[in-house]
$ cat model34.txt   # compact mmCIF, C-alpha atoms
# COMPACT_ATOMS: atom_id res chain seq x y z
CA MET A 53 94.01 80.92 83.54
CA THR A 54 91.07 82.22 85.53
CA GLY A 55 91.77 79.59 88.18
CA PHE A 56 95.34 80.82 88.40
CA MET A 57 94.13 84.44 88.75
CA MET A 58 91.81 83.41 91.59
CA PHE A 59 94.67 81.53 93.27
CA MET A 60 96.89 84.60 93.00
CA ALA A 61 94.13 86.81 94.42
CA ALA A 62 93.86 84.54 97.46
CA THR A 63 97.66 84.51 97.80
CA VAL A 64 97.94 88.30 97.63
CA LEU A 65 95.19 88.63 100.23
CA ALA A 66 96.98 86.15 102.51
CA SER A 67 100.34 87.90 102.17
CA VAL A 68 98.78 91.30 102.74
CA ALA A 69 96.99 89.97 105.82
CA LEU A 70 100.46 89.51 107.33
CA GLY A 71 100.76 93.29 107.17
CA LEU A 72 98.10 93.42 109.88
CA CYS A 73 100.84 92.34 112.31
CA ARG A 74 102.49 95.74 111.74
CA VAL A 75 99.21 97.52 112.45
CA LEU A 76 98.82 95.64 115.72
CA LEU A 77 102.47 95.59 116.81
CA GLY A 78 103.49 99.07 115.72
CA PRO A 79 105.84 100.13 117.23
CA THR A 80 105.20 103.68 115.97
CA ARG A 81 102.01 105.16 114.55
CA ALA A 82 103.70 105.66 111.19
CA ASP A 83 104.34 101.89 110.97
CA ALA A 84 100.64 101.17 111.46
CA MET A 85 99.68 103.85 108.93
CA LEU A 86 102.07 102.49 106.29
CA ALA A 87 100.84 98.95 106.89
CA ALA A 88 97.32 100.21 106.15
CA GLN A 89 98.63 101.75 102.92
CA LEU A 90 100.18 98.38 102.02
CA LEU A 91 96.79 96.77 102.59
CA GLY A 92 95.25 99.35 100.27
CA THR A 93 97.75 98.46 97.54
CA GLY A 94 97.03 94.78 98.15
CA ALA A 95 93.30 95.40 97.86
CA VAL A 96 93.87 97.07 94.46
CA ALA A 97 95.85 94.02 93.32
CA VAL A 98 93.16 91.61 94.54
CA LEU A 99 90.44 93.63 92.82
CA LEU A 100 92.30 93.68 89.50
CA LEU A 101 92.99 89.92 89.70
CA LEU A 102 89.34 89.24 90.55
CA SER A 103 88.30 91.47 87.66
CA HIS A 104 90.21 89.19 85.27
CA ALA A 105 89.32 85.94 87.03
CA THR A 106 85.58 86.59 86.98
CA ALA A 107 85.54 88.57 83.69
CA ARG A 108 83.82 91.55 85.30
CA SER A 109 85.56 94.57 83.88
CA HIS A 110 83.76 97.04 86.16
CA LEU A 111 85.71 95.71 89.15
CA ALA A 112 88.61 97.69 87.68
CA ASP A 113 86.55 100.81 88.53
CA VAL A 114 86.49 99.78 92.19
CA ALA A 115 90.27 99.25 92.02
CA LEU A 116 90.65 102.70 90.42
CA VAL A 117 88.69 104.36 93.23
CA VAL A 118 90.64 102.54 95.96
CA ALA A 119 93.96 103.46 94.34
CA LEU A 120 92.93 107.08 93.85
CA LEU A 121 91.68 107.64 97.39
CA ALA A 122 94.14 105.54 99.39
CA SER A 123 96.49 108.46 99.94
CA VAL A 124 93.82 110.74 101.48
CA VAL A 125 94.06 108.92 104.82
CA SER A 126 97.85 109.22 104.82
CA VAL A 127 97.64 112.94 104.17
CA ALA A 128 95.10 113.29 106.98
CA PHE A 129 97.51 111.39 109.26
CA VAL A 130 100.51 113.55 108.39
CA ARG A 131 98.65 116.86 108.54
CA ARG A 132 96.45 116.22 111.55
CA LEU A 133 98.04 113.68 113.88
CA LYS A 134 101.78 114.23 113.58
CA PRO A 135 101.92 117.38 115.78
CA VAL A 136 100.36 115.60 118.80
CA GLY A 137 102.59 116.13 121.81
CA GLY A 138 104.92 118.45 119.93
CA HIS A 139 104.15 121.75 118.32
CA ASN A 140 100.42 122.31 118.64
CA GLY A 141 98.74 124.03 115.71
CA GLY A 142 95.53 125.11 117.47
CA ALA A 143 95.18 128.64 118.83
CA MET B 278 82.95 77.59 92.89
CA THR B 279 86.57 76.54 92.71
CA ALA B 280 88.74 75.73 95.70
CA ASP B 281 90.72 78.94 95.16
CA ALA B 282 87.59 81.06 95.28
CA ALA B 283 86.46 79.25 98.42
CA ALA B 284 89.87 79.83 100.02
CA LEU B 285 89.66 83.55 99.17
CA ASP B 286 86.16 83.84 100.62
CA ILE B 287 87.01 81.98 103.83
CA LEU B 288 90.15 84.07 104.34
CA LEU B 289 88.16 87.26 103.77
CA ALA B 290 85.45 86.22 106.23
CA VAL B 291 87.97 85.24 108.91
CA LEU B 292 89.88 88.50 108.47
CA LEU B 293 86.70 90.59 108.72
CA VAL B 294 85.59 88.93 111.95
CA PHE B 295 89.12 89.22 113.39
CA LEU B 296 89.29 92.91 112.48
CA VAL B 297 85.92 93.69 114.05
CA TRP B 298 86.92 91.90 117.24
CA ARG B 299 90.25 93.76 117.47
CA LEU B 300 88.93 97.19 116.58
CA LEU B 301 86.19 96.93 119.19
CA THR B 302 88.48 95.69 121.95
CA LEU B 303 91.76 97.60 121.47
CA SER B 304 92.23 100.34 124.03
CA ASP B 305 94.59 102.25 121.70
CA LEU B 306 92.12 104.26 119.62
CA PHE B 307 94.70 105.10 116.95
CA LYS B 308 95.25 101.42 116.16
CA ALA B 309 91.49 100.88 116.26
CA THR B 310 91.12 103.69 113.71
CA ILE B 311 93.69 102.13 111.37
CA LEU B 312 91.96 98.76 111.72
CA PHE B 313 88.66 100.46 110.88
CA ILE B 314 90.18 101.82 107.65
CA VAL B 315 91.54 98.36 106.76
CA PHE B 316 88.14 96.88 107.64
CA GLY B 317 86.51 99.21 105.10
CA LEU B 318 88.92 98.04 102.38
CA LEU B 319 88.28 94.36 103.08
CA LEU B 320 84.54 94.99 103.37
CA SER B 321 84.51 96.39 99.84
CA LEU B 322 86.30 93.19 98.70
CA ALA B 323 83.57 91.22 100.47
CA TRP B 324 80.86 93.17 98.59
CA VAL B 325 82.67 92.34 95.35
CA ARG B 326 82.60 88.65 96.25
CA LEU B 327 78.88 88.96 97.08
CA ARG B 328 78.36 90.34 93.54
CA ALA B 329 77.27 93.77 94.71
CA PRO B 330 79.79 95.96 92.86
CA ASP B 331 77.72 99.13 93.39
CA VAL B 332 77.93 98.72 97.15
CA ALA B 333 81.64 97.83 96.86
CA LEU B 334 82.24 101.05 94.96
CA ALA B 335 80.34 103.12 97.53
CA GLU B 336 82.20 101.47 100.42
CA ALA B 337 85.57 102.00 98.70
CA ALA B 338 84.84 105.65 97.92
CA ILE B 339 83.27 106.65 101.23
CA GLY B 340 85.46 104.37 103.37
CA SER B 341 88.85 105.39 102.06
CA GLY B 342 88.02 108.90 100.90
CA VAL B 343 85.82 110.35 103.63
CA THR B 344 85.33 108.35 106.83
CA GLY B 345 89.02 107.42 107.26
CA ALA B 346 90.04 111.08 107.27
CA LEU B 347 87.00 111.99 109.39
CA VAL B 348 87.84 109.47 112.12
CA LEU B 349 91.52 110.47 112.14
CA ASP B 350 90.45 114.10 112.52
CA ALA B 351 88.14 113.16 115.40
CA LEU B 352 91.11 111.39 117.04
CA ARG B 353 93.15 114.58 116.83
CA ARG B 354 90.43 116.48 118.67
CA LEU B 355 90.48 113.94 121.48
CA GLY B 356 94.10 114.98 122.07
CA ALA B 357 96.88 112.91 123.60
CA HIS B 358 94.77 111.83 126.59
CA GLY B 359 91.72 110.85 124.63
CA ALA B 360 93.67 108.50 122.36
CA VAL B 361 93.47 105.68 124.91
CA ASP B 362 90.06 104.41 125.97
CA GLU B 363 90.56 102.56 129.25
CA ALA B 364 86.92 101.56 129.40
CA ARG B 365 87.27 99.29 126.39
CA PRO B 366 86.13 96.71 125.51
CA LEU B 367 82.83 96.48 127.28
CA ARG B 368 82.57 98.37 130.53
CA LEU B 369 78.93 99.38 130.50
CA ASN B 370 77.84 102.89 131.25
CA LEU B 371 74.44 104.47 130.76
CA ALA B 372 75.17 105.81 127.27
CA ARG B 373 76.48 102.49 126.00
CA LEU B 374 73.64 100.55 127.60
CA SER B 375 70.93 102.78 126.13
CA GLY B 376 72.66 102.78 122.74
CA GLY B 377 72.83 99.00 122.85
CA LEU B 378 69.18 98.72 123.79
CA LEU B 379 68.20 101.02 120.93
CA VAL B 380 70.17 98.93 118.43
CA ALA B 381 68.70 95.72 119.85
CA CYS B 382 65.17 97.11 119.43
CA LEU B 383 65.92 98.11 115.83
CA GLY B 384 67.35 94.65 115.18
CA ALA B 385 64.24 93.02 116.66
CA ILE B 386 61.97 95.14 114.44
CA LEU B 387 63.99 94.21 111.34
CA LEU B 388 63.96 90.52 112.29
CA TRP B 389 60.21 90.67 112.91
CA SER B 390 59.54 92.33 109.55
CA VAL B 391 61.62 89.71 107.72
CA LEU B 392 59.86 86.88 109.54
CA SER B 393 56.41 88.36 108.83
CA LEU B 394 56.94 88.21 105.05
CA PRO B 395 54.57 85.69 103.45
CA ALA B 396 56.14 82.26 102.96
CA GLY B 397 57.33 81.58 99.44
CA TRP B 398 57.41 85.28 98.51
CA ARG B 399 60.12 85.84 95.94
CA GLY B 400 60.71 89.52 96.42
CA LEU B 401 60.26 92.27 93.87
CA SER B 402 63.28 91.56 91.70
CA ALA B 403 61.21 89.90 88.94
CA GLU B 404 58.90 92.94 88.73
CA ALA B 405 61.87 95.31 88.81
CA MET B 406 63.67 93.46 86.02
CA ALA B 407 60.44 93.42 83.95
CA ALA B 408 60.16 97.21 84.29
CA MET B 409 63.81 97.84 83.35
CA PRO B 410 63.05 98.82 79.69
CA HIS B 411 60.93 101.73 80.98
CA SER B 412 63.42 102.93 83.59
CA GLY B 413 65.64 104.92 81.23
CA VAL B 414 68.86 103.25 82.43
CA THR B 415 70.33 99.76 82.11
CA ASN B 416 71.92 99.42 85.55
CA PRO B 417 69.23 97.86 87.80
CA VAL B 418 70.69 99.48 90.94
CA THR B 419 70.45 102.99 89.48
CA ALA B 420 66.96 102.18 88.16
CA SER B 421 65.86 101.17 91.67
CA LEU B 422 67.50 104.11 93.44
CA LEU B 423 66.45 106.90 91.07
CA ASN B 424 63.33 105.61 89.40
CA PHE B 425 61.45 102.83 91.20
CA ARG B 426 62.25 104.09 94.68
CA SER B 427 63.12 107.71 94.02
CA HIS B 428 61.16 108.96 97.08
CA ASP B 429 63.65 107.08 99.20
CA THR B 430 66.65 108.70 97.55
CA LEU B 431 65.06 112.16 97.75
CA LEU B 432 64.64 111.77 101.51
CA GLU B 433 68.17 110.40 101.89
CA ILE B 434 69.54 113.62 100.41
CA ALA B 435 67.38 115.55 102.88
CA VAL B 436 68.84 113.51 105.75
CA LEU B 437 72.36 114.41 104.60
CA MET B 438 71.37 118.10 104.59
CA LEU B 439 70.11 117.74 108.16
CA ALA B 440 73.48 116.23 109.12
CA VAL B 441 75.24 119.36 107.86
CA LEU B 442 72.86 121.52 109.92
CA GLY B 443 73.79 119.44 112.95
CA VAL B 444 77.50 119.88 112.30
CA TRP B 445 77.15 123.63 111.79
CA THR B 446 75.13 123.95 114.98
CA LEU B 447 77.20 121.78 117.30
CA ASP B 448 80.68 121.81 115.87
CA ALA B 449 82.95 124.79 116.03
CA GLU B 450 86.68 124.43 116.06
CA PRO B 451 89.35 127.09 116.24
CA LYS B 452 91.16 127.71 113.01
CA PRO B 453 94.37 125.70 112.98
CA SER B 454 97.34 127.71 111.82
CA ALA B 455 97.88 127.01 108.15
CA GLU B 456 101.26 125.31 107.96
CA PRO B 457 102.69 125.44 104.45
CA ALA B 458 102.01 122.23 102.59
CA GLY B 459 105.52 121.39 101.42
CA PRO B 460 106.51 120.40 97.89
CA ILE B 461 105.51 116.71 98.07
CA LEU B 462 101.98 117.41 99.30
CA ASP B 463 101.66 120.23 96.76
CA LEU B 464 102.61 117.87 93.95
CA LEU B 465 100.24 115.19 95.24
CA VAL B 466 97.32 117.62 95.28
CA ARG B 467 98.23 118.91 91.84
CA ILE B 468 98.20 115.39 90.37
CA LEU B 469 95.37 113.80 92.34
CA LEU B 470 92.78 116.57 92.45
CA PRO B 471 92.16 116.80 88.67
CA LEU B 472 92.09 112.99 88.47
CA MET B 473 89.49 112.86 91.25
CA VAL B 474 87.27 115.35 89.44
CA VAL B 475 87.51 113.33 86.23
CA VAL B 476 86.82 110.02 87.99
CA ALA B 477 83.83 111.55 89.82
CA GLY B 478 82.38 112.62 86.48
CA TYR B 479 83.10 109.20 85.02
CA LEU B 480 81.36 107.40 87.91
CA LEU B 481 78.34 109.70 87.56
CA TRP B 482 78.09 108.93 83.84
CA ALA B 483 78.82 105.21 84.26
CA GLY B 484 75.97 104.90 86.80
CA GLY B 485 73.44 104.58 83.98
CA HIS B 486 74.83 101.32 82.60
CA ALA B 487 77.43 100.01 85.09
CA PRO B 488 78.22 100.28 88.81
CA GLY B 489 78.53 103.92 89.81
CA GLY B 490 76.21 106.86 90.34
CA ALA B 491 75.70 110.05 92.29
CA PHE B 492 76.77 108.90 95.76
CA GLN B 493 79.97 107.24 94.55
CA GLY B 494 80.92 110.16 92.34
CA ALA B 495 80.15 112.61 95.13
CA ALA B 496 82.31 110.69 97.61
CA VAL B 497 85.29 110.85 95.22
CA LEU B 498 84.70 114.58 94.68
CA ALA B 499 84.43 115.15 98.44
CA ALA B 500 87.69 113.24 98.96
CA GLY B 501 89.31 115.71 96.56
CA GLY B 502 87.95 118.58 98.64
CA ILE B 503 89.22 116.96 101.84
CA LEU B 504 92.67 116.53 100.28
CA LEU B 505 92.71 120.20 99.28
CA HIS B 506 91.50 121.25 102.74
CA LEU B 507 94.27 119.23 104.40
CA ALA B 508 96.92 120.80 102.16
CA ARG B 509 95.59 124.37 102.22
CA PRO B 510 92.93 124.86 104.92
CA PHE B 511 89.85 126.75 103.77
CA TYR B 512 86.52 127.27 105.46
CA LEU B 513 83.08 126.90 104.02
CA GLY B 514 81.27 128.91 106.66
CA ASN B 515 77.56 129.14 106.12
CA HIS B 516 77.49 131.62 103.29
CA VAL B 517 74.34 131.94 101.21
CA ILE B 518 76.13 130.43 98.21
CA ILE B 519 77.31 127.39 100.16
CA ARG B 520 73.78 126.87 101.49
CA LEU B 521 72.33 127.18 98.00
CA VAL B 522 74.73 124.58 96.57
CA ILE B 523 74.00 122.21 99.47
CA GLY B 524 70.27 122.51 98.82
CA PHE B 525 70.64 122.44 95.01
CA GLY B 526 70.38 118.65 94.51
CA PHE B 527 67.33 118.31 96.73
CA ALA B 528 65.68 121.33 95.07
CA VAL B 529 66.23 120.00 91.52
CA PHE B 530 64.95 116.55 92.52
CA LEU B 531 61.86 118.04 94.17
CA ALA B 532 61.24 120.48 91.30
CA ILE B 533 61.27 117.65 88.74
CA GLY B 534 58.82 115.72 90.92
CA VAL B 535 56.49 118.71 91.18
CA MET B 536 56.78 119.43 87.44
CA LEU B 537 55.67 115.88 86.70
CA VAL B 538 52.59 116.42 88.89
CA VAL B 539 51.82 119.71 87.11
CA GLY B 540 52.25 117.95 83.77
CA GLY B 541 49.50 115.52 84.72
CA GLY B 542 51.59 112.63 85.97
CA ARG B 543 52.31 111.38 89.47
CA PHE B 544 54.97 112.66 91.85
CA LEU B 545 58.42 111.42 90.74
CA GLU B 546 56.96 108.95 88.25
CA PHE B 547 59.29 109.50 85.28
CA PRO B 548 57.71 109.04 81.83
CA SER B 549 59.78 106.31 80.20
CA ARG B 550 60.69 108.42 77.14
CA HIS B 551 62.51 111.06 79.21
CA ALA B 552 63.47 108.93 82.20
CA GLY B 553 67.13 108.60 81.19
CA THR B 554 67.64 112.35 80.83
CA LEU B 555 65.73 113.18 84.01
CA ILE B 556 67.77 110.65 86.01
CA LEU B 557 71.02 112.10 84.69
CA VAL B 558 69.93 115.66 85.58
CA VAL B 559 68.89 114.62 89.10
CA GLU B 560 72.11 112.66 89.59
CA ALA B 561 74.34 115.47 88.35
CA ALA B 562 72.69 117.98 90.69
CA ALA B 563 72.78 115.49 93.57
CA THR B 564 76.48 114.74 92.98
CA ILE B 565 77.45 118.40 93.44
CA SER B 566 75.31 118.79 96.56
CA ILE B 567 76.33 115.51 98.20
CA ALA B 568 80.01 116.23 97.53
CA LEU B 569 79.73 119.61 99.26
CA ILE B 570 77.70 118.06 102.10
CA LEU B 571 80.36 115.39 102.75
CA LEU B 572 83.07 118.05 102.57
CA ALA B 573 81.14 120.27 105.01
CA LEU B 574 80.93 117.34 107.45
CA PHE B 575 84.74 117.18 107.42
CA VAL B 576 85.55 120.88 107.39
CA GLY B 577 83.04 121.77 110.11
CA ASN B 578 82.39 125.27 111.34
CA VAL B 579 84.71 127.99 112.53
CA ARG B 580 84.42 129.33 116.04
CA GLU B 581 85.01 133.07 115.61
CA GLY B 582 81.81 134.75 114.41
CA ALA B 583 81.12 134.51 110.71
CA GLY B 584 84.59 133.09 110.14
CA ARG B 585 85.27 135.13 107.04
CA ASP B 586 87.94 137.37 108.47
CA ALA B 587 91.26 135.96 109.53
CA PRO B 588 91.89 136.64 113.24
$ encode --input "model34.txt" --output "structure tokens"
Amino acid sequence: MTGFMMFMAATVLASVALGLCRVLLGPTRADAMLAAQLLGTGAVAVLLLLSHATARSHLADVALVVALLASVVSVAFVRRLKPVGGHNGGA
Amino acid sequence: MTADAAALDILLAVLLVFLVWRLLTLSDLFKATILFIVFGLLLSLAWVRLRAPDVALAEAAIGSGVTGALVLDALRRLGAHGAVDEARPLRLNLARLSGGLLVACLGAILLWSVLSLPAGWRGLSAEAMAAMPHSGVTNPVTASLLNFRSHDTLLEIAVLMLAVLGVWTLDAEPKPSAEPAGPILDLLVRILLPLMVVVAGYLLWAGGHAPGGAFQGAAVLAAGGILLHLARPFYLGNHVIIRLVIGFGFAVFLAIGVMLVVGGGRFLEFPSRHAGTLILVVEAAATISIALILLALFVGNVREGAGRDAP
């Protein structure tokens, strides 16, 4: 079972790595940002699988922190970078 | 190690090297920023594979909670023209050359100090593990950071305070107009912020017996503050209260050290009976201060005078 978990962790990492294409190709900034979010979700999955595969329950804490904080970057993107070129918030 | 684990490790290593290469050579700084955020995520996976869960936790908390938002904010200040760096990857100018030389010197010093260790020296881990029963905690990383090498941690907190001074001195941005947050962002803040506070407290408490501790908890707390600041901009200014809270962790740490000297012991040498309690007190105070320090690095300073009155 642990071998299977490890195999799945490697598979999830490989599939998520494909998301890097979206970061590099774009075409828009939002595509790249969402691909990074997908990678964050993938990292949570890999961490949880590794936690079971290696019987280290505290890896779930790392997954918890990644899951909790992943959205902060997206909020920073929406609130700080979206207005570039358009309506400028600064005075 | 099984073949699956080897495949995972090789894939991780290849991805990390690829990411570093791309993020250093891309001329589009926005894409480089996104790659940097992804790099932080994969780096924390790498720390997990290297069996350093404390470092993985710190990288996950600081990487996704603080530095990602900080770099994106820096990108905004560069404006539309600054978002493309034509000089990338490696056109040398004086600043880059001198920076490179400095890093090379530091690397040479580190290499020299590693090479000058006596042959066959096994490090201090055996001594550290032997002293664990007297450290007051059961997590060896926390024992090292807050007991065996507490001078180091005390000075690290001081360095963070100096960083805030630097930001307050150099950085002053005009207040951006506070756009209303919208219902989705409001809901997100309402759900995430309490969770972040709880998780920060949990990490602080867990630090005694499992991966976690003051820095990790503080990074999660600071991320909550950054989220709130992004939704509803507020300014810290340099009020007396803010300054007191920023100095609080360092002051408590130092006061405990001095009290131990007055009590007849040595500076920051915790008596093993009270070590656990003292470490928790120091960590709790440090968590609050470090969280506010990290938040102050993001929020920065306001340009108009004291910044208390709205223009």
$ axis_aligned_box --input "model34.txt" --around "stretch 114-132 of chain A" --padding-each-side "8 Å" --output "AutoDock Vina command-line options"
--center_x 93.5 --center_y 108.1 --center_z 101.0 --size_x 30.0 --size_y 33.6 --size_z 37.1
$ atom_distance --input "model34.txt" --atom1 "atom CA of B:Leu521" --atom2 "atom CA of B:Phe575"
18.5 Å
$ residues_near_point --input "model34.txt" --point "(100.3, 101.0, 119.6)" --cutoff "10 Å" --atoms "all atoms listed in the file" --output "list in words"
Arg74, Val75, Leu76, Leu77, Gly78, Pro79, Thr80, Arg81, Asp83 and Ala84 of chain A; Leu303, Ser304, Asp305, Leu306, Phe307, Lys308, Ala309 and Val361 of chain B
$ atom_distance --input "model34.txt" --atom1 "atom CA of B:Leu293" --atom2 "atom CA of A:Leu70"
13.9 Å
$ atom_distance --input "model34.txt" --atom1 "atom CA of A:Ala122" --atom2 "atom CA of B:Leu465"
12.1 Å
$ interface_residues --input "model34.txt" --of "chain A" --to "chain B" --cutoff "8 Å" --atoms "all atoms listed in the file" --output "number ranges by chain"
A: 55, 58-59, 61-62, 65-66, 69, 75-76, 81, 84-85, 88, 91-92, 95, 99, 110-111, 113-114, 117-118, 120-122, 124-125, 127-129, 131-133, 136-137, 141-143
$ residues_around --input "model34.txt" --residues "A:Thr54" --least-positions-apart "5" --cutoff "9 Å" --atoms "only C-alpha atoms" --output "PyMOL selection string"
chain A and resi 59+101-102+104-107
$ residues_around --input "model34.txt" --residues "stretch 427-433 of chain B" --least-positions-apart "5" --cutoff "7 Å" --atoms "only C-alpha atoms" --output "list in words"
Leu422, Phe527, Phe530 and Leu545 of chain B
$ closest_residue --input "model34.txt" --among "A:Val98, A:Ala119, A:Ala82, A:Ala87" --to "A:Met57" --atoms "all atoms listed in the file"
A:Val98
$ residues_near_point --input "model34.txt" --point "(69.2, 116.5, 101.2)" --cutoff "12 Å" --atoms "all atoms listed in the file" --output "PyMOL selection string"
chain B and resi 428-442+520-531+562-571
$ write_last_selection --input "model34.txt" --atoms "C-alpha atoms" --output "mmCIF file, keeping the file's coordinate frame"
data_model
loop_
_atom_site.group_PDB
_atom_site.id
_atom_site.type_symbol
_atom_site.label_atom_id
_atom_site.label_comp_id
_atom_site.auth_asym_id
_atom_site.auth_seq_id
_atom_site.Cartn_x
_atom_site.Cartn_y
_atom_site.Cartn_z
ATOM 1 C CA HIS B 428 61.160 108.960 97.080
ATOM 2 C CA ASP B 429 63.650 107.080 99.200
ATOM 3 C CA THR B 430 66.650 108.700 97.550
ATOM 4 C CA LEU B 431 65.060 112.160 97.750
ATOM 5 C CA LEU B 432 64.640 111.770 101.510
ATOM 6 C CA GLU B 433 68.170 110.400 101.890
ATOM 7 C CA ILE B 434 69.540 113.620 100.410
ATOM 8 C CA ALA B 435 67.380 115.550 102.880
ATOM 9 C CA VAL B 436 68.840 113.510 105.750
ATOM 10 C CA LEU B 437 72.360 114.410 104.600
ATOM 11 C CA MET B 438 71.370 118.100 104.590
ATOM 12 C CA LEU B 439 70.110 117.740 108.160
ATOM 13 C CA ALA B 440 73.480 116.230 109.120
ATOM 14 C CA VAL B 441 75.240 119.360 107.860
ATOM 15 C CA LEU B 442 72.860 121.520 109.920
ATOM 16 C CA ARG B 520 73.780 126.870 101.490
ATOM 17 C CA LEU B 521 72.330 127.180 98.000
ATOM 18 C CA VAL B 522 74.730 124.580 96.570
ATOM 19 C CA ILE B 523 74.000 122.210 99.470
ATOM 20 C CA GLY B 524 70.270 122.510 98.820
ATOM 21 C CA PHE B 525 70.640 122.440 95.010
ATOM 22 C CA GLY B 526 70.380 118.650 94.510
ATOM 23 C CA PHE B 527 67.330 118.310 96.730
ATOM 24 C CA ALA B 528 65.680 121.330 95.070
ATOM 25 C CA VAL B 529 66.230 120.000 91.520
ATOM 26 C CA PHE B 530 64.950 116.550 92.520
ATOM 27 C CA LEU B 531 61.860 118.040 94.170
ATOM 28 C CA ALA B 562 72.690 117.980 90.690
ATOM 29 C CA ALA B 563 72.780 115.490 93.570
ATOM 30 C CA THR B 564 76.480 114.740 92.980
ATOM 31 C CA ILE B 565 77.450 118.400 93.440
ATOM 32 C CA SER B 566 75.310 118.790 96.560
ATOM 33 C CA ILE B 567 76.330 115.510 98.200
ATOM 34 C CA ALA B 568 80.010 116.230 97.530
ATOM 35 C CA LEU B 569 79.730 119.610 99.260
ATOM 36 C CA ILE B 570 77.700 118.060 102.100
ATOM 37 C CA LEU B 571 80.360 115.390 102.750
#
$ closest_residue --input "model34.txt" --among "B:Ile461, B:Leu447, B:Val539, B:Leu555" --to "B:Asn578" --atoms "all atoms listed in the file"
B:Leu447
$ residues_around --input "model34.txt" --residues "B:Ala405" --least-positions-apart "4" --cutoff "8 Å" --atoms "all atoms listed in the file" --output "list in words"
Leu401, Met409, Pro417, Ser421 and Phe425 of chain B
$ write_last_selection --input "model34.txt" --atoms "C-alpha atoms" --output "tab-separated table (two decimals), in the frame of the given file"
chain	number	residue	atom	x	y	z
B	401	LEU	CA	60.26	92.27	93.87
B	409	MET	CA	63.81	97.84	83.35
B	417	PRO	CA	69.23	97.86	87.80
B	421	SER	CA	65.86	101.17	91.67
B	425	PHE	CA	61.45	102.83	91.20
$ decode --input "model34.txt" --residues "stretch 471-485 of chain B" --atoms "N, CA and C atoms" --output "PDB file, in the first residue's frame"
ATOM      1  N   PRO B 471      -9.797  33.559  10.674  1.00  0.00           N
ATOM      2  CA  PRO B 471      -9.831  32.825  11.949  1.00  0.00           C
ATOM      3  C   PRO B 471      -9.056  31.517  11.886  1.00  0.00           C
ATOM      4  N   LEU B 472      -9.154  30.814  10.742  1.00  0.00           N
ATOM      5  CA  LEU B 472      -8.418  29.557  10.594  1.00  0.00           C
ATOM      6  C   LEU B 472      -6.918  29.792  10.716  1.00  0.00           C
ATOM      7  N   MET B 473      -6.446  30.891  10.106  1.00  0.00           N
ATOM      8  CA  MET B 473      -5.006  31.177  10.147  1.00  0.00           C
ATOM      9  C   MET B 473      -4.543  31.437  11.579  1.00  0.00           C
ATOM     10  N   VAL B 474      -5.382  32.163  12.344  1.00  0.00           N
ATOM     11  CA  VAL B 474      -5.009  32.443  13.732  1.00  0.00           C
ATOM     12  C   VAL B 474      -4.924  31.135  14.523  1.00  0.00           C
ATOM     13  N   VAL B 475      -5.912  30.254  14.298  1.00  0.00           N
ATOM     14  CA  VAL B 475      -5.915  28.979  15.017  1.00  0.00           C
ATOM     15  C   VAL B 475      -4.697  28.138  14.624  1.00  0.00           C
ATOM     16  N   VAL B 476      -4.417  28.059  13.320  1.00  0.00           N
ATOM     17  CA  VAL B 476      -3.292  27.242  12.862  1.00  0.00           C
ATOM     18  C   VAL B 476      -1.973  27.814  13.375  1.00  0.00           C
ATOM     19  N   ALA B 477      -1.860  29.152  13.437  1.00  0.00           N
ATOM     20  CA  ALA B 477      -0.630  29.761  13.971  1.00  0.00           C
ATOM     21  C   ALA B 477      -0.429  29.336  15.426  1.00  0.00           C
ATOM     22  N   GLY B 478      -1.512  29.374  16.207  1.00  0.00           N
ATOM     23  CA  GLY B 478      -1.419  28.935  17.599  1.00  0.00           C
ATOM     24  C   GLY B 478      -1.062  27.466  17.703  1.00  0.00           C
ATOM     25  N   TYR B 479      -1.656  26.669  16.805  1.00  0.00           N
ATOM     26  CA  TYR B 479      -1.367  25.230  16.805  1.00  0.00           C
ATOM     27  C   TYR B 479       0.110  24.971  16.499  1.00  0.00           C
ATOM     28  N   LEU B 480       0.650  25.671  15.480  1.00  0.00           N
ATOM     29  CA  LEU B 480       2.048  25.456  15.105  1.00  0.00           C
ATOM     30  C   LEU B 480       2.980  25.861  16.245  1.00  0.00           C
ATOM     31  N   LEU B 481       2.626  26.962  16.933  1.00  0.00           N
ATOM     32  CA  LEU B 481       3.434  27.421  18.064  1.00  0.00           C
ATOM     33  C   LEU B 481       3.466  26.348  19.150  1.00  0.00           C
ATOM     34  N   TRP B 482       2.293  25.775  19.451  1.00  0.00           N
ATOM     35  CA  TRP B 482       2.201  24.767  20.493  1.00  0.00           C
ATOM     36  C   TRP B 482       2.893  23.479  20.047  1.00  0.00           C
ATOM     37  N   ALA B 483       2.685  23.097  18.779  1.00  0.00           N
ATOM     38  CA  ALA B 483       3.239  21.839  18.275  1.00  0.00           C
ATOM     39  C   ALA B 483       4.766  21.865  18.265  1.00  0.00           C
ATOM     40  N   GLY B 484       5.356  23.086  18.174  1.00  0.00           N
ATOM     41  CA  GLY B 484       6.810  23.202  18.069  1.00  0.00           C
ATOM     42  C   GLY B 484       7.574  22.458  19.154  1.00  0.00           C
ATOM     43  N   GLY B 485       6.955  22.263  20.317  1.00  0.00           N
ATOM     44  CA  GLY B 485       7.650  21.588  21.412  1.00  0.00           C
ATOM     45  C   GLY B 485       7.913  20.115  21.152  1.00  0.00           C
TER      46      GLY B 485
END
